[in-house]
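These notes concern the structure reproduced below.
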Amino acid sequence: MTPNDNITVGLVSVIIPAYNAAPSIRRCIESVLNQTYSLIELILVNDGSKDETEEIAKSYGEKLHYIYQENQGETAARNRGFNEAKGEFITFIDHDDYWESRFIESTVCFLRTHPDTVAVSVAVEHRSALSDTPLVRPEYLILKEDLKRLPIIIGDFFSFWADHDHVCAGAVMLRHSLVQEAGGQRTDLILSGDMEYWAFLATFGNWGFIPEILLHVDGTQVPRGNLYQKYYQRYLRCATVDDWEKRIKPRIRDDEIDGFSRIRGRVATWYIFAFVFCGRDRDGFKTAIQFRDSLEGKFGKLWRLGLLFGFLTWKPLCVLVRMRNRAQYWYRDRRRK
């Protein structure tokens, strides 16, 4: 990443990586332009789209800085935006998601009033193509309605993250100085690249959290008929957990090990699912053995069950999981037609 020395105090650089984003990009752009905070630089990086993304983006004229690049992936598009950004603060949002109007004002205010923090995130509502029920993260915001919802400085970032799953793309505001020091996102991680970046950035200083739902993540915008194929192609390129943690692990302090191990277990659980999904059963088997004690959730229990009699029970389990996944994705695609 190339350092940008031409920084404007108070300016917020918003980066939107966009690939075949025509169905939802207007909603995303409008949510940026309708913020209550006005000093914004909007950078849209078109990552080789083959639909009307370019026409829609250019229709906004000088309201945004439009960049086109050949398809290199979402993280490469974000890094391109980082290189162009001139703001004191940097944030990015995926093209199918959108903000409440106070997102930028709230996060910038927090960073200005807490100069000892390097980043801050907000609460999120998630919608998935595989479920009709939205999720709120952190969940305690809906389970404990009488809780005082005051912004906080997170004491143990990794443990808080493991407990509350509170951070994702679009929910975070970063200081430009942090991005310059840490560098950009890894472009070789197709899965959990964002999680790797949050974990890496968390080793550079304190994070804040604003317990207010200011981001809406909308995973329902996958083109019709392509749901299974989309995930199959992504999962086929899944890395290893050891590779995922290679620039984070050397920076973890002793008091962060427990929380980080839980986050790494979450990544391992997902990676095993990806391996099984696309038929890489032996890779999944090796990963399940390596991280058996830290696998989490219902799939963590399932993977441990599959290890009961070694590969003898692992292989049939993988076949059953794949059959279920194919049926689930087929059903969701049918409903969306």
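So you can find residues: chains in the structure tokens are A, B, ... in the order shown, residues in each start at 1, and ligands are numbered from 1 in order.
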
Practice prompt. Please provide the set of residues having any atom within 8 Å of range 81-96 of chain A, restricted to only C-alpha atoms, with same-chain residues fewer than 4 positions apart removed, written as a VMD selection string.
Written response: chain A and resid 1 to 4 6 to 18 21 24 to 25 27 to 29 41 43 to 45 77 108 169 to 177 179 184 217 to 219 221

Check which residues of range 160-191 of chain A sit at most 12 Å from range 232-255 of chain A using only C-alpha atoms, and return one row each with the closest pair of atoms and their distance in Å to one decimal, ordered by chain and rising number, as CSV.
residue,atom,partner,partner_atom,distance
A:Ala182,CA,A:Arg247,CA,10.7
A:Gly183,CA,A:Arg247,CA,11.7
A:Gln185,CA,A:Arg247,CA,11.3
A:Arg186,CA,A:Trp244,CA,9.5
A:Thr187,CA,A:Trp244,CA,11.5
A:Asp188,CA,A:Ala239,CA,8.3
A:Leu189,CA,A:Ala239,CA,6.6
A:Ile190,CA,A:Cys238,CA,6.2
A:Leu191,CA,A:Cys238,CA,6.0

Selection from above, N, CA and C atoms, as an mmCIF file, in the first residue's frame, can you write it?
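Wrote result.cif, looks like this:
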data_model
loop_
_atom_site.group_PDB
_atom_site.id
_atom_site.type_symbol
_atom_site.label_atom_id
_atom_site.label_comp_id
_atom_site.auth_asym_id
_atom_site.auth_seq_id
_atom_site.Cartn_x
_atom_site.Cartn_y
_atom_site.Cartn_z
ATOM 1 N N ALA A 182 -0.409 -0.036 9.533
ATOM 2 C CA ALA A 182 -0.644 -1.476 9.409
ATOM 3 C C ALA A 182 -0.598 -1.964 7.965
ATOM 4 N N GLY A 183 -0.929 -1.087 7.016
ATOM 5 C CA GLY A 183 -1.045 -1.518 5.628
ATOM 6 C C GLY A 183 -2.454 -1.994 5.326
ATOM 7 N N GLN A 185 -5.410 -4.751 3.379
ATOM 8 C CA GLN A 185 -5.890 -6.117 3.575
ATOM 9 C C GLN A 185 -5.100 -7.096 2.713
ATOM 10 N N ARG A 186 -5.012 -8.317 3.174
ATOM 11 C CA ARG A 186 -4.413 -9.372 2.363
ATOM 12 C C ARG A 186 -5.349 -9.717 1.211
ATOM 13 N N THR A 187 -4.794 -9.819 0.018
ATOM 14 C CA THR A 187 -5.610 -10.114 -1.160
ATOM 15 C C THR A 187 -5.669 -11.603 -1.462
ATOM 16 N N ASP A 188 -4.956 -12.418 -0.683
ATOM 17 C CA ASP A 188 -4.917 -13.861 -0.954
ATOM 18 C C ASP A 188 -5.918 -14.640 -0.103
ATOM 19 N N LEU A 189 -6.622 -13.970 0.797
ATOM 20 C CA LEU A 189 -7.578 -14.650 1.665
ATOM 21 C C LEU A 189 -8.989 -14.452 1.128
ATOM 22 N N ILE A 190 -9.524 -15.479 0.490
ATOM 23 C CA ILE A 190 -10.876 -15.390 -0.060
ATOM 24 C C ILE A 190 -11.912 -15.498 1.052
ATOM 25 N N LEU A 191 -11.633 -16.323 2.052
ATOM 26 C CA LEU A 191 -12.525 -16.469 3.204
ATOM 27 C C LEU A 191 -11.877 -15.867 4.442
#

Worksheet item: So which bits of range 93-308 of chain A end up helix (DSSP H, G or I) when you DSSP the backbone, as an NGL selection string?
Response: :A and (103-113 or 140-143 or 157-164 or 176-182 or 193-204 or 227-235 or 241-244 or 249-251 or 254-277 or 281-290 or 292-294 or 297-306)

Got time to write the residues from that selection, C-alpha atoms, as a tab-separated table (two decimals), in the first residue's frame?
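Everything below was put into part21.tsv:
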chain	number	residue	atom	x	y	z
A	103	PHE	CA	-23.11	6.28	11.16
A	104	ILE	CA	-20.30	8.63	10.16
A	105	GLU	CA	-21.21	11.39	12.62
A	106	SER	CA	-21.36	8.92	15.51
A	107	THR	CA	-18.10	7.11	14.74
A	108	VAL	CA	-16.11	10.27	14.01
A	109	CYS	CA	-17.39	11.87	17.22
A	110	PHE	CA	-16.24	8.83	19.17
A	111	LEU	CA	-12.73	8.87	17.69
A	112	ARG	CA	-12.39	12.60	18.29
A	113	THR	CA	-13.44	12.30	21.94
A	140	TYR	CA	-27.42	-8.67	23.88
A	141	LEU	CA	-28.89	-5.50	22.38
A	142	ILE	CA	-32.18	-7.33	21.81
A	143	LEU	CA	-31.95	-9.74	24.76
A	157	PHE	CA	-10.90	-6.86	22.06
A	158	PHE	CA	-10.57	-10.56	21.21
A	159	SER	CA	-12.68	-11.80	24.11
A	160	PHE	CA	-15.35	-9.15	23.40
A	161	TRP	CA	-15.31	-10.16	19.75
A	162	ALA	CA	-15.58	-13.86	20.60
A	163	ASP	CA	-18.49	-13.17	22.95
A	164	HIS	CA	-20.44	-10.74	20.79
A	176	HIS	CA	-5.99	6.97	8.48
A	177	SER	CA	-2.82	6.78	10.58
A	178	LEU	CA	-3.74	3.21	11.57
A	179	VAL	CA	-4.13	2.13	7.94
A	180	GLN	CA	-0.82	3.74	7.04
A	181	GLU	CA	0.96	1.94	9.87
A	182	ALA	CA	-0.64	-1.48	9.41
A	193	GLY	CA	-10.06	-11.88	4.96
A	194	ASP	CA	-12.03	-9.27	6.91
A	195	MET	CA	-11.63	-11.22	10.15
A	196	GLU	CA	-7.89	-11.41	9.56
A	197	TYR	CA	-7.77	-7.64	9.07
A	198	TRP	CA	-9.76	-6.84	12.22
A	199	ALA	CA	-7.56	-9.20	14.26
A	200	PHE	CA	-4.40	-7.66	12.80
A	201	LEU	CA	-5.55	-4.07	13.32
A	202	ALA	CA	-6.61	-4.85	16.89
A	203	THR	CA	-2.96	-5.47	17.76
A	204	PHE	CA	-2.12	-1.81	17.03
A	227	LEU	CA	-26.32	-19.04	-4.83
A	228	TYR	CA	-24.72	-22.50	-4.69
A	229	GLN	CA	-22.20	-21.77	-7.45
A	230	LYS	CA	-21.15	-18.50	-5.82
A	231	TYR	CA	-20.27	-20.18	-2.54
A	232	TYR	CA	-18.73	-23.23	-4.21
A	233	GLN	CA	-16.23	-21.06	-6.12
A	234	ARG	CA	-15.34	-19.11	-2.98
A	235	TYR	CA	-14.94	-22.16	-0.77
A	241	VAL	CA	-5.92	-21.54	9.32
A	242	ASP	CA	-2.14	-21.45	9.79
A	243	ASP	CA	-1.87	-19.18	6.76
A	244	TRP	CA	-4.76	-17.02	7.99
A	249	LYS	CA	-0.02	-14.56	15.84
A	250	PRO	CA	3.44	-12.97	16.36
A	251	ARG	CA	1.75	-9.79	17.63
A	254	ASP	CA	-0.07	-13.18	26.50
A	255	ASP	CA	-3.26	-11.69	27.95
A	256	GLU	CA	-4.93	-11.90	24.51
A	257	ILE	CA	-4.20	-15.56	23.79
A	258	ASP	CA	-7.45	-17.00	25.16
A	259	GLY	CA	-9.69	-14.58	23.26
A	260	PHE	CA	-7.67	-14.90	20.07
A	261	SER	CA	-7.80	-18.71	20.28
A	262	ARG	CA	-11.60	-18.51	20.35
A	263	ILE	CA	-11.64	-16.31	17.25
A	264	ARG	CA	-9.22	-18.65	15.51
A	265	GLY	CA	-11.51	-21.55	16.45
A	266	ARG	CA	-14.39	-19.70	14.77
A	267	VAL	CA	-12.31	-19.34	11.61
A	268	ALA	CA	-11.31	-23.02	11.75
A	269	THR	CA	-14.97	-24.07	12.11
A	270	TRP	CA	-15.88	-22.07	9.02
A	271	TYR	CA	-12.87	-23.29	7.04
A	272	ILE	CA	-13.83	-26.91	7.76
A	273	PHE	CA	-17.32	-26.17	6.45
A	274	ALA	CA	-15.79	-24.66	3.30
A	275	PHE	CA	-13.53	-27.68	2.78
A	276	VAL	CA	-16.43	-30.10	3.20
A	277	PHE	CA	-18.74	-28.00	1.02
A	281	ASP	CA	-12.70	-33.72	2.97
A	282	ARG	CA	-9.13	-34.56	3.97
A	283	ASP	CA	-8.27	-30.87	4.40
A	284	GLY	CA	-11.33	-30.54	6.61
A	285	PHE	CA	-10.34	-33.65	8.56
A	286	LYS	CA	-6.82	-32.34	9.23
A	287	THR	CA	-8.14	-28.95	10.32
A	288	ALA	CA	-10.73	-30.52	12.63
A	289	ILE	CA	-8.03	-32.59	14.33
A	290	GLN	CA	-5.69	-29.61	14.69
A	292	ARG	CA	-10.66	-29.82	17.79
A	293	ASP	CA	-10.75	-28.14	21.22
A	294	SER	CA	-11.58	-24.64	19.94
A	297	GLY	CA	-21.19	-23.71	17.71
A	298	LYS	CA	-23.36	-26.47	16.29
A	299	PHE	CA	-20.93	-27.13	13.47
A	300	GLY	CA	-18.07	-27.39	15.97
A	301	LYS	CA	-20.02	-30.15	17.74
A	302	LEU	CA	-20.75	-31.79	14.39
A	303	TRP	CA	-17.09	-31.80	13.34
A	304	ARG	CA	-16.02	-33.30	16.67
A	305	LEU	CA	-18.67	-35.98	16.25
A	306	GLY	CA	-17.26	-36.74	12.82

So that I can check the surroundings of Tyr68 in chain A, please list as a PDB file with N, CA and C atoms, in the first residue's frame every protein, DNA and RNA residue that reaches within 8 Å of it, counting only C-alpha atoms and ignoring chain neighbours fewer than 3 positions away.
ATOM      1  N   VAL A  45     -14.801   1.813  -6.167  1.00  0.00           N
ATOM      2  CA  VAL A  45     -13.869   1.036  -6.980  1.00  0.00           C
ATOM      3  C   VAL A  45     -14.635  -0.083  -7.673  1.00  0.00           C
ATOM      4  N   ASN A  46     -14.797   0.040  -8.976  1.00  0.00           N
ATOM      5  CA  ASN A  46     -15.481  -0.970  -9.774  1.00  0.00           C
ATOM      6  C   ASN A  46     -14.477  -2.068 -10.117  1.00  0.00           C
ATOM      7  N   ASP A  47     -14.682  -3.232  -9.521  1.00  0.00           N
ATOM      8  CA  ASP A  47     -13.725  -4.335  -9.648  1.00  0.00           C
ATOM      9  C   ASP A  47     -14.062  -5.223 -10.856  1.00  0.00           C
ATOM     10  N   GLY A  48     -14.109  -4.603 -12.038  1.00  0.00           N
ATOM     11  CA  GLY A  48     -14.312  -5.373 -13.261  1.00  0.00           C
ATOM     12  C   GLY A  48     -15.732  -5.856 -13.484  1.00  0.00           C
TER      13      GLY A  48
END

Item to complete: Rounded to one decimal place, report the CA of Asn206 in chain A-CA of Asp165 in chain A distance in Å.
Response: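 These atoms are spaced 16.9 Å apart.
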
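Pairwise distance (CA of Arg137 in chain A, CA of Phe209 in chain A) equals 11.7 Å.
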